[in-house]
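Peer 1: Have a look at the structure that comes next, please.
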Amino acid sequence: MRHAPSARMTTCSYGLSRLQFRGPRRPTDGGYVACPGGSETFGRDVAQPFPDLLEQETGMVCLNLGQHLAGPDLFLRDAALRALVHDAAAVVIQVMGAANLSNRFYKVHPRRNDRFIAPRAPLRRLYPEVDFTEIAFTGHLMAKLAETDGTRLTEVQQELRGCWVRRMRELVGLANVPVHLLWFAPRHPEDPAGAAMDPCLVTPGMLDAVGTRLTKVVYDSNTGQRPNAPGIEDHRRAAAALGLAMGA
């Protein structure tokens, strides 16, 4: 059963960041859990997304740092967010897709990572027949490249996967505490048929490659039993799994 979000849902900011996060603003002058992630972490469709529930589960202040369709680049490029991860008493990073980050083939918007800004020279050479002026989002880009030539697309996918591992290692490396990686998605990471679904292109091998300090919390939400946007029960199960992993 889906629950409508609270009519009193607010947004807030932290430090000098230009980004707006799910409110209410939580204090950062004591121990807290930093929860960077994408649309699911923000939880637009639920009254209490998992960071709120995790705070109830653990008794620790939890900062919801989710951003719509974010990739690792968003957090790495924002000095205020880097500081929040660095200073946290614990960190939960939602697994984000590999298509929404700048790489040697194309550039994405620094804050709206799902927006395709421009192709780079290697992509123009690889797909000379594609008119990139008609493409505004990374999802559209991936679909267009696959439609044009799926074989050539594998070179782009390989680049994206490598970039994702490097950026996630950097993001994890900001923390001075154990990091919990949350798989919060409608597909299981070992399902090869779901690589095009969120988190796009991410595989179990990529999760393993992120870092030795990483504690992985894999959340399988049973694809056939719910729509892509997780509901309140999904958020409750994710918070419970995280709380267990954190020893709550």
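Chains: A, B, ... in order of the structure tokens. Residues: from 1 per chain. Ligands: from 1, in order shown.
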Hey, could you make a per-residue contact list for segment 96-162 of chain A against segment 39-43 of chain A with 12 Å as the cut-off, showing the nearest pair of atoms and its distance in Å to one decimal, counting only C-alpha atoms, sorted by chain and number, as CSV?
Peer 2:
```
residue,atom,partner,partner_atom,distance
A:Met96,CA,A:Ser39,CA,9.3
A:Gly97,CA,A:Ser39,CA,11.1
A:Arg112,CA,A:Ser39,CA,11.4
A:Asn113,CA,A:Ser39,CA,11.6
A:Asp114,CA,A:Ser39,CA,11.2
```
Peer 1: Do you know which residues are at most 6 Å from Ala88 of chain A counting only C-alpha atoms, after dropping those on the same chain fewer than 3 positions away, and could you put them as a PyMOL selection string?
Peer 2: chain A and resi 32-34+85
Peer 1: Write the residues of the selection above to a file with all heavy atoms, as a PDB file, in the first residue's frame.
Peer 2:
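Saved as again.pdb:
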```pdb
ATOM      1  N   TYR A  32      26.229  12.332  13.949  1.00  0.00           N
ATOM      2  CA  TYR A  32      25.106  12.138  13.022  1.00  0.00           C
ATOM      3  C   TYR A  32      25.473  11.101  11.973  1.00  0.00           C
ATOM      4  O   TYR A  32      26.652  10.775  11.761  1.00  0.00           O
ATOM      5  CB  TYR A  32      24.716  13.458  12.348  1.00  0.00           C
ATOM      6  CG  TYR A  32      25.812  14.072  11.512  1.00  0.00           C
ATOM      7  CD1 TYR A  32      26.033  13.671  10.192  1.00  0.00           C
ATOM      8  CD2 TYR A  32      26.653  15.050  12.045  1.00  0.00           C
ATOM      9  CE1 TYR A  32      27.051  14.223   9.428  1.00  0.00           C
ATOM     10  CE2 TYR A  32      27.674  15.612  11.287  1.00  0.00           C
ATOM     11  CZ  TYR A  32      27.865  15.192   9.981  1.00  0.00           C
ATOM     12  OH  TYR A  32      28.877  15.736   9.231  1.00  0.00           O
ATOM     13  N   VAL A  33      24.436  10.586  11.300  1.00  0.00           N
ATOM     14  CA  VAL A  33      24.598   9.666  10.185  1.00  0.00           C
ATOM     15  C   VAL A  33      24.338  10.443   8.905  1.00  0.00           C
ATOM     16  O   VAL A  33      23.267  11.034   8.735  1.00  0.00           O
ATOM     17  CB  VAL A  33      23.622   8.473  10.276  1.00  0.00           C
ATOM     18  CG1 VAL A  33      23.843   7.509   9.111  1.00  0.00           C
ATOM     19  CG2 VAL A  33      23.760   7.758  11.611  1.00  0.00           C
ATOM     20  N   ALA A  34      25.295  10.472   7.991  1.00  0.00           N
ATOM     21  CA  ALA A  34      25.114  11.126   6.693  1.00  0.00           C
ATOM     22  C   ALA A  34      24.569  10.105   5.703  1.00  0.00           C
ATOM     23  O   ALA A  34      25.118   9.013   5.574  1.00  0.00           O
ATOM     24  CB  ALA A  34      26.437  11.696   6.190  1.00  0.00           C
ATOM     25  N   VAL A  85      30.067  14.283   4.921  1.00  0.00           N
ATOM     26  CA  VAL A  85      30.450  12.866   4.908  1.00  0.00           C
ATOM     27  C   VAL A  85      31.707  12.656   5.742  1.00  0.00           C
ATOM     28  O   VAL A  85      31.799  11.699   6.524  1.00  0.00           O
ATOM     29  CB  VAL A  85      30.670  12.382   3.456  1.00  0.00           C
ATOM     30  CG1 VAL A  85      31.231  10.968   3.440  1.00  0.00           C
ATOM     31  CG2 VAL A  85      29.355  12.434   2.676  1.00  0.00           C
TER      32      VAL A  85
END
```
Peer 1: Could you pull out the helix (DSSP H, G or I) residues of segment 133-213 of chain A from DSSP and send them as a PyMOL selection string?
Peer 2: chain A and resi 133-134+138-148+150-173+192-194+204-209
Peer 1: If I take atom CA of Arg169 of chain A and atom CA of Pro51 of chain A, how far is one from the other in Å, to one decimal?
Peer 2: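 Interatomic distance, atom CA of Arg169 of chain A to atom CA of Pro51 of chain A: 22.3 Å.
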Peer 1: So the first atom is atom CA of Gly139 of chain A and the second is atom CA of Arg237 of chain A; what is the distance between them in Å, to one decimal place?
Peer 2: 28.4 Å
Peer 1: So which residues touch Arg120 of chain A within 7 Å, counting only C-alpha atoms, skipping near sequence neighbours fewer than 4 positions away, as a PDB file with N, CA, C and O atoms, in the first residue's frame?
Peer 2:
```pdb
ATOM      1  N   ARG A 104      34.697  10.296 -20.003  1.00  0.00           N
ATOM      2  CA  ARG A 104      35.435  10.721 -21.197  1.00  0.00           C
ATOM      3  C   ARG A 104      34.554  10.770 -22.445  1.00  0.00           C
ATOM      4  O   ARG A 104      34.951  11.346 -23.458  1.00  0.00           O
ATOM      5  N   PHE A 105      33.335  10.216 -22.359  1.00  0.00           N
ATOM      6  CA  PHE A 105      32.439  10.237 -23.514  1.00  0.00           C
ATOM      7  C   PHE A 105      31.431  11.393 -23.473  1.00  0.00           C
ATOM      8  O   PHE A 105      31.030  11.892 -24.513  1.00  0.00           O
ATOM      9  N   TYR A 106      30.994  11.796 -22.285  1.00  0.00           N
ATOM     10  CA  TYR A 106      30.017  12.891 -22.227  1.00  0.00           C
ATOM     11  C   TYR A 106      30.036  13.565 -20.862  1.00  0.00           C
ATOM     12  O   TYR A 106      30.594  13.056 -19.884  1.00  0.00           O
ATOM     13  N   ARG A 124      31.569  11.366 -30.134  1.00  0.00           N
ATOM     14  CA  ARG A 124      31.250  11.795 -31.502  1.00  0.00           C
ATOM     15  C   ARG A 124      31.931  10.884 -32.524  1.00  0.00           C
ATOM     16  O   ARG A 124      31.348  10.558 -33.558  1.00  0.00           O
TER      17      ARG A 124
END
```
Peer 1: Please identify all polymer residues within 12 Å of segment 133-138 of chain A, counting only C-alpha atoms, omitting same-chain residues fewer than 6 positions from it, and present them as a PDB file with N, CA, C and O atoms, in the first residue's frame.
Peer 2:
```pdb
ATOM      1  N   LEU A  69      17.718  11.707  -8.830  1.00  0.00           N
ATOM      2  CA  LEU A  69      18.534  11.097  -9.880  1.00  0.00           C
ATOM      3  C   LEU A  69      20.007  11.480  -9.783  1.00  0.00           C
ATOM      4  O   LEU A  69      20.681  11.665 -10.786  1.00  0.00           O
ATOM      5  N   ALA A  70      20.506  11.572  -8.569  1.00  0.00           N
ATOM      6  CA  ALA A  70      21.904  11.954  -8.374  1.00  0.00           C
ATOM      7  C   ALA A  70      22.849  10.820  -8.725  1.00  0.00           C
ATOM      8  O   ALA A  70      22.495   9.645  -8.674  1.00  0.00           O
ATOM      9  N   GLY A  71      24.072  11.200  -9.063  1.00  0.00           N
ATOM     10  CA  GLY A  71      25.171  10.278  -9.208  1.00  0.00           C
ATOM     11  C   GLY A  71      26.253  10.662  -8.211  1.00  0.00           C
ATOM     12  O   GLY A  71      26.146  11.691  -7.530  1.00  0.00           O
ATOM     13  N   GLY A  97      23.125   4.993  -9.857  1.00  0.00           N
ATOM     14  CA  GLY A  97      23.462   4.449 -11.159  1.00  0.00           C
ATOM     15  C   GLY A  97      24.742   5.006 -11.742  1.00  0.00           C
ATOM     16  O   GLY A  97      25.248   6.052 -11.321  1.00  0.00           O
ATOM     17  N   ALA A  98      25.276   4.303 -12.751  1.00  0.00           N
ATOM     18  CA  ALA A  98      26.554   4.680 -13.357  1.00  0.00           C
ATOM     19  C   ALA A  98      26.410   5.592 -14.571  1.00  0.00           C
ATOM     20  O   ALA A  98      27.413   6.099 -15.074  1.00  0.00           O
ATOM     21  N   ALA A  99      25.190   5.825 -15.054  1.00  0.00           N
ATOM     22  CA  ALA A  99      25.025   6.651 -16.254  1.00  0.00           C
ATOM     23  C   ALA A  99      25.057   8.138 -15.940  1.00  0.00           C
ATOM     24  O   ALA A  99      25.382   8.955 -16.801  1.00  0.00           O
ATOM     25  N   ASN A 100      24.738   8.508 -14.690  1.00  0.00           N
ATOM     26  CA  ASN A 100      24.606   9.917 -14.339  1.00  0.00           C
ATOM     27  C   ASN A 100      25.893  10.488 -13.752  1.00  0.00           C
ATOM     28  O   ASN A 100      25.920  11.007 -12.639  1.00  0.00           O
ATOM     29  N   LEU A 101      26.966  10.381 -14.522  1.00  0.00           N
ATOM     30  CA  LEU A 101      28.227  10.991 -14.113  1.00  0.00           C
ATOM     31  C   LEU A 101      29.029  11.375 -15.348  1.00  0.00           C
ATOM     32  O   LEU A 101      28.935  10.750 -16.403  1.00  0.00           O
ATOM     33  N   SER A 102      29.805  12.434 -15.231  1.00  0.00           N
ATOM     34  CA  SER A 102      30.637  12.871 -16.350  1.00  0.00           C
ATOM     35  C   SER A 102      31.779  11.887 -16.550  1.00  0.00           C
ATOM     36  O   SER A 102      32.308  11.311 -15.597  1.00  0.00           O
ATOM     37  N   PHE A 105      33.335  10.216 -22.359  1.00  0.00           N
ATOM     38  CA  PHE A 105      32.439  10.237 -23.514  1.00  0.00           C
ATOM     39  C   PHE A 105      31.431  11.393 -23.473  1.00  0.00           C
ATOM     40  O   PHE A 105      31.030  11.892 -24.513  1.00  0.00           O
ATOM     41  N   TYR A 106      30.994  11.796 -22.285  1.00  0.00           N
ATOM     42  CA  TYR A 106      30.017  12.891 -22.227  1.00  0.00           C
ATOM     43  C   TYR A 106      30.036  13.565 -20.862  1.00  0.00           C
ATOM     44  O   TYR A 106      30.594  13.056 -19.884  1.00  0.00           O
ATOM     45  N   LYS A 107      29.401  14.732 -20.810  1.00  0.00           N
ATOM     46  CA  LYS A 107      29.358  15.559 -19.608  1.00  0.00           C
ATOM     47  C   LYS A 107      27.922  15.671 -19.121  1.00  0.00           C
ATOM     48  O   LYS A 107      26.999  15.830 -19.921  1.00  0.00           O
ATOM     49  N   VAL A 108      27.741  15.611 -17.792  1.00  0.00           N
ATOM     50  CA  VAL A 108      26.413  15.799 -17.211  1.00  0.00           C
ATOM     51  C   VAL A 108      26.387  17.075 -16.384  1.00  0.00           C
ATOM     52  O   VAL A 108      27.425  17.642 -16.037  1.00  0.00           O
ATOM     53  N   HIS A 109      25.184  17.526 -16.067  1.00  0.00           N
ATOM     54  CA  HIS A 109      25.016  18.741 -15.255  1.00  0.00           C
ATOM     55  C   HIS A 109      25.595  18.490 -13.865  1.00  0.00           C
ATOM     56  O   HIS A 109      25.396  17.418 -13.285  1.00  0.00           O
ATOM     57  N   ARG A 112      22.208  18.513 -11.445  1.00  0.00           N
ATOM     58  CA  ARG A 112      21.175  17.613 -11.937  1.00  0.00           C
ATOM     59  C   ARG A 112      21.861  16.576 -12.809  1.00  0.00           C
ATOM     60  O   ARG A 112      21.952  16.713 -14.029  1.00  0.00           O
ATOM     61  N   ASN A 113      22.382  15.532 -12.179  1.00  0.00           N
ATOM     62  CA  ASN A 113      23.268  14.598 -12.868  1.00  0.00           C
ATOM     63  C   ASN A 113      22.585  13.781 -13.960  1.00  0.00           C
ATOM     64  O   ASN A 113      23.265  13.155 -14.779  1.00  0.00           O
ATOM     65  N   ASP A 114      21.254  13.758 -14.004  1.00  0.00           N
ATOM     66  CA  ASP A 114      20.555  13.033 -15.060  1.00  0.00           C
ATOM     67  C   ASP A 114      20.484  13.834 -16.354  1.00  0.00           C
ATOM     68  O   ASP A 114      20.055  13.302 -17.386  1.00  0.00           O
ATOM     69  N   ARG A 115      20.931  15.088 -16.332  1.00  0.00           N
ATOM     70  CA  ARG A 115      20.858  15.936 -17.521  1.00  0.00           C
ATOM     71  C   ARG A 115      22.141  15.824 -18.340  1.00  0.00           C
ATOM     72  O   ARG A 115      23.233  16.103 -17.847  1.00  0.00           O
ATOM     73  N   PHE A 116      21.971  15.438 -19.579  1.00  0.00           N
ATOM     74  CA  PHE A 116      23.073  15.323 -20.534  1.00  0.00           C
ATOM     75  C   PHE A 116      23.406  16.710 -21.063  1.00  0.00           C
ATOM     76  O   PHE A 116      22.551  17.394 -21.643  1.00  0.00           O
ATOM     77  N   ILE A 117      24.653  17.150 -20.844  1.00  0.00           N
ATOM     78  CA  ILE A 117      25.060  18.491 -21.269  1.00  0.00           C
ATOM     79  C   ILE A 117      25.649  18.479 -22.674  1.00  0.00           C
ATOM     80  O   ILE A 117      25.239  19.253 -23.539  1.00  0.00           O
ATOM     81  N   ALA A 118      26.630  17.602 -22.903  1.00  0.00           N
ATOM     82  CA  ALA A 118      27.283  17.598 -24.216  1.00  0.00           C
ATOM     83  C   ALA A 118      28.107  16.330 -24.392  1.00  0.00           C
ATOM     84  O   ALA A 118      28.649  15.789 -23.421  1.00  0.00           O
ATOM     85  N   PRO A 119      28.223  15.863 -25.645  1.00  0.00           N
ATOM     86  CA  PRO A 119      29.126  14.737 -25.918  1.00  0.00           C
ATOM     87  C   PRO A 119      30.561  15.240 -25.982  1.00  0.00           C
ATOM     88  O   PRO A 119      30.819  16.405 -26.310  1.00  0.00           O
ATOM     89  N   ARG A 124      31.569  11.366 -30.134  1.00  0.00           N
ATOM     90  CA  ARG A 124      31.250  11.795 -31.502  1.00  0.00           C
ATOM     91  C   ARG A 124      31.931  10.884 -32.524  1.00  0.00           C
ATOM     92  O   ARG A 124      31.348  10.558 -33.558  1.00  0.00           O
ATOM     93  N   LYS A 144      19.248   5.870 -27.032  1.00  0.00           N
ATOM     94  CA  LYS A 144      19.583   6.216 -28.412  1.00  0.00           C
ATOM     95  C   LYS A 144      20.824   5.472 -28.877  1.00  0.00           C
ATOM     96  O   LYS A 144      20.867   4.958 -30.016  1.00  0.00           O
ATOM     97  N   LEU A 145      21.838   5.377 -28.019  1.00  0.00           N
ATOM     98  CA  LEU A 145      23.059   4.663 -28.394  1.00  0.00           C
ATOM     99  C   LEU A 145      22.788   3.180 -28.581  1.00  0.00           C
ATOM    100  O   LEU A 145      23.313   2.546 -29.506  1.00  0.00           O
ATOM    101  N   LEU A 160      31.756   3.882 -18.246  1.00  0.00           N
ATOM    102  CA  LEU A 160      30.892   4.322 -17.150  1.00  0.00           C
ATOM    103  C   LEU A 160      31.108   3.485 -15.900  1.00  0.00           C
ATOM    104  O   LEU A 160      31.160   4.015 -14.789  1.00  0.00           O
ATOM    105  N   ALA A 196      19.936  -2.396 -17.215  1.00  0.00           N
ATOM    106  CA  ALA A 196      19.468  -1.102 -17.709  1.00  0.00           C
ATOM    107  C   ALA A 196      18.572  -0.396 -16.697  1.00  0.00           C
ATOM    108  O   ALA A 196      18.285   0.789 -16.829  1.00  0.00           O
ATOM    109  N   CYS A 200      21.473   1.961 -12.720  1.00  0.00           N
ATOM    110  CA  CYS A 200      21.891   1.609 -14.070  1.00  0.00           C
ATOM    111  C   CYS A 200      23.338   1.120 -14.136  1.00  0.00           C
ATOM    112  O   CYS A 200      24.248   1.771 -13.612  1.00  0.00           O
TER     113      CYS A 200
END
```
Peer 1: For Ala239 of chain A, work out the shell of residues within 7 Å, counting only C-alpha atoms and skipping chain neighbours fewer than 6 positions away, then give it as a list of chain:residue names.
Peer 2: A:Phe50, A:Leu53, A:Leu54
Peer 1: From a DSSP pass on the backbone, collect the residues of segment 11-73 of chain A flagged as strand (DSSP E or B) and hand them back as a VMD selection string.
Peer 2: chain A and resid 11 to 12 21 to 22 32 to 37 61 to 66
Peer 1: Include N, CA and C atoms and write out the residues we just selected as a PDB file, in the first residue's frame.
Peer 2:
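Listed below is the output, again.pdb:
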```
ATOM      1  N   THR A  11      11.911  21.507   2.655  1.00  0.00           N
ATOM      2  CA  THR A  11      13.285  21.307   2.203  1.00  0.00           C
ATOM      3  C   THR A  11      14.201  22.171   3.052  1.00  0.00           C
ATOM      4  N   CYS A  12      15.477  21.866   3.015  1.00  0.00           N
ATOM      5  CA  CYS A  12      16.441  22.600   3.823  1.00  0.00           C
ATOM      6  C   CYS A  12      17.796  22.566   3.132  1.00  0.00           C
ATOM      7  N   PHE A  21      17.603  19.865   0.327  1.00  0.00           N
ATOM      8  CA  PHE A  21      17.415  18.489   0.765  1.00  0.00           C
ATOM      9  C   PHE A  21      16.075  18.328   1.467  1.00  0.00           C
ATOM     10  N   ARG A  22      15.694  17.085   1.668  1.00  0.00           N
ATOM     11  CA  ARG A  22      14.455  16.799   2.375  1.00  0.00           C
ATOM     12  C   ARG A  22      14.582  17.267   3.828  1.00  0.00           C
ATOM     13  N   TYR A  32      26.229  12.332  13.949  1.00  0.00           N
ATOM     14  CA  TYR A  32      25.106  12.138  13.022  1.00  0.00           C
ATOM     15  C   TYR A  32      25.473  11.101  11.973  1.00  0.00           C
ATOM     16  N   VAL A  33      24.436  10.586  11.300  1.00  0.00           N
ATOM     17  CA  VAL A  33      24.598   9.666  10.185  1.00  0.00           C
ATOM     18  C   VAL A  33      24.338  10.443   8.905  1.00  0.00           C
ATOM     19  N   ALA A  34      25.295  10.472   7.991  1.00  0.00           N
ATOM     20  CA  ALA A  34      25.114  11.126   6.693  1.00  0.00           C
ATOM     21  C   ALA A  34      24.569  10.105   5.703  1.00  0.00           C
ATOM     22  N   CYS A  35      23.499  10.472   4.997  1.00  0.00           N
ATOM     23  CA  CYS A  35      22.841   9.543   4.073  1.00  0.00           C
ATOM     24  C   CYS A  35      22.756  10.141   2.674  1.00  0.00           C
ATOM     25  N   PRO A  36      23.861  10.202   1.941  1.00  0.00           N
ATOM     26  CA  PRO A  36      23.796  10.654   0.551  1.00  0.00           C
ATOM     27  C   PRO A  36      23.159   9.598  -0.340  1.00  0.00           C
ATOM     28  N   GLY A  37      22.419  10.046  -1.343  1.00  0.00           N
ATOM     29  CA  GLY A  37      21.772   9.097  -2.248  1.00  0.00           C
ATOM     30  C   GLY A  37      20.968   9.801  -3.308  1.00  0.00           C
ATOM     31  N   VAL A  61      20.985  11.077  15.051  1.00  0.00           N
ATOM     32  CA  VAL A  61      20.525  12.050  14.067  1.00  0.00           C
ATOM     33  C   VAL A  61      20.924  11.576  12.673  1.00  0.00           C
ATOM     34  N   CYS A  62      19.977  11.576  11.732  1.00  0.00           N
ATOM     35  CA  CYS A  62      20.256  11.127  10.357  1.00  0.00           C
ATOM     36  C   CYS A  62      19.958  12.245   9.377  1.00  0.00           C
ATOM     37  N   LEU A  63      20.943  12.603   8.581  1.00  0.00           N
ATOM     38  CA  LEU A  63      20.787  13.647   7.577  1.00  0.00           C
ATOM     39  C   LEU A  63      20.378  13.022   6.248  1.00  0.00           C
ATOM     40  N   ASN A  64      19.200  13.382   5.761  1.00  0.00           N
ATOM     41  CA  ASN A  64      18.754  12.919   4.449  1.00  0.00           C
ATOM     42  C   ASN A  64      19.406  13.809   3.387  1.00  0.00           C
ATOM     43  N   LEU A  65      20.409  13.269   2.707  1.00  0.00           N
ATOM     44  CA  LEU A  65      21.136  14.016   1.675  1.00  0.00           C
ATOM     45  C   LEU A  65      20.783  13.515   0.276  1.00  0.00           C
ATOM     46  N   GLY A  66      19.579  12.951   0.139  1.00  0.00           N
ATOM     47  CA  GLY A  66      19.146  12.460  -1.162  1.00  0.00           C
ATOM     48  C   GLY A  66      18.848  13.583  -2.137  1.00  0.00           C
TER      49      GLY A  66
END
```
Peer 1: So which residues touch Ile232 of chain A within 6 Å, counting only C-alpha atoms, skipping near sequence neighbours fewer than 2 positions away, as a ChimeraX atom specification?
Peer 2: /A:46,234-235
Peer 1: Taking N, CA, C and O atoms for each residue, export the selection above as a tab-separated table (two decimals), in the first residue's frame.
Peer 2:
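Writing the result to result.tsv gives the following:
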```
chain	number	residue	atom	x	y	z
A	46	VAL	N	6.85	9.35	0.01
A	46	VAL	CA	6.54	8.77	1.31
A	46	VAL	C	6.64	9.85	2.40
A	46	VAL	O	7.42	10.80	2.27
A	234	ASP	N	8.81	-0.50	1.99
A	234	ASP	CA	10.19	-0.68	1.51
A	234	ASP	C	11.16	0.14	2.35
A	234	ASP	O	12.24	-0.32	2.72
A	235	HIS	N	10.77	1.38	2.64
A	235	HIS	CA	11.62	2.24	3.45
A	235	HIS	C	11.77	1.68	4.87
A	235	HIS	O	12.86	1.74	5.46
```
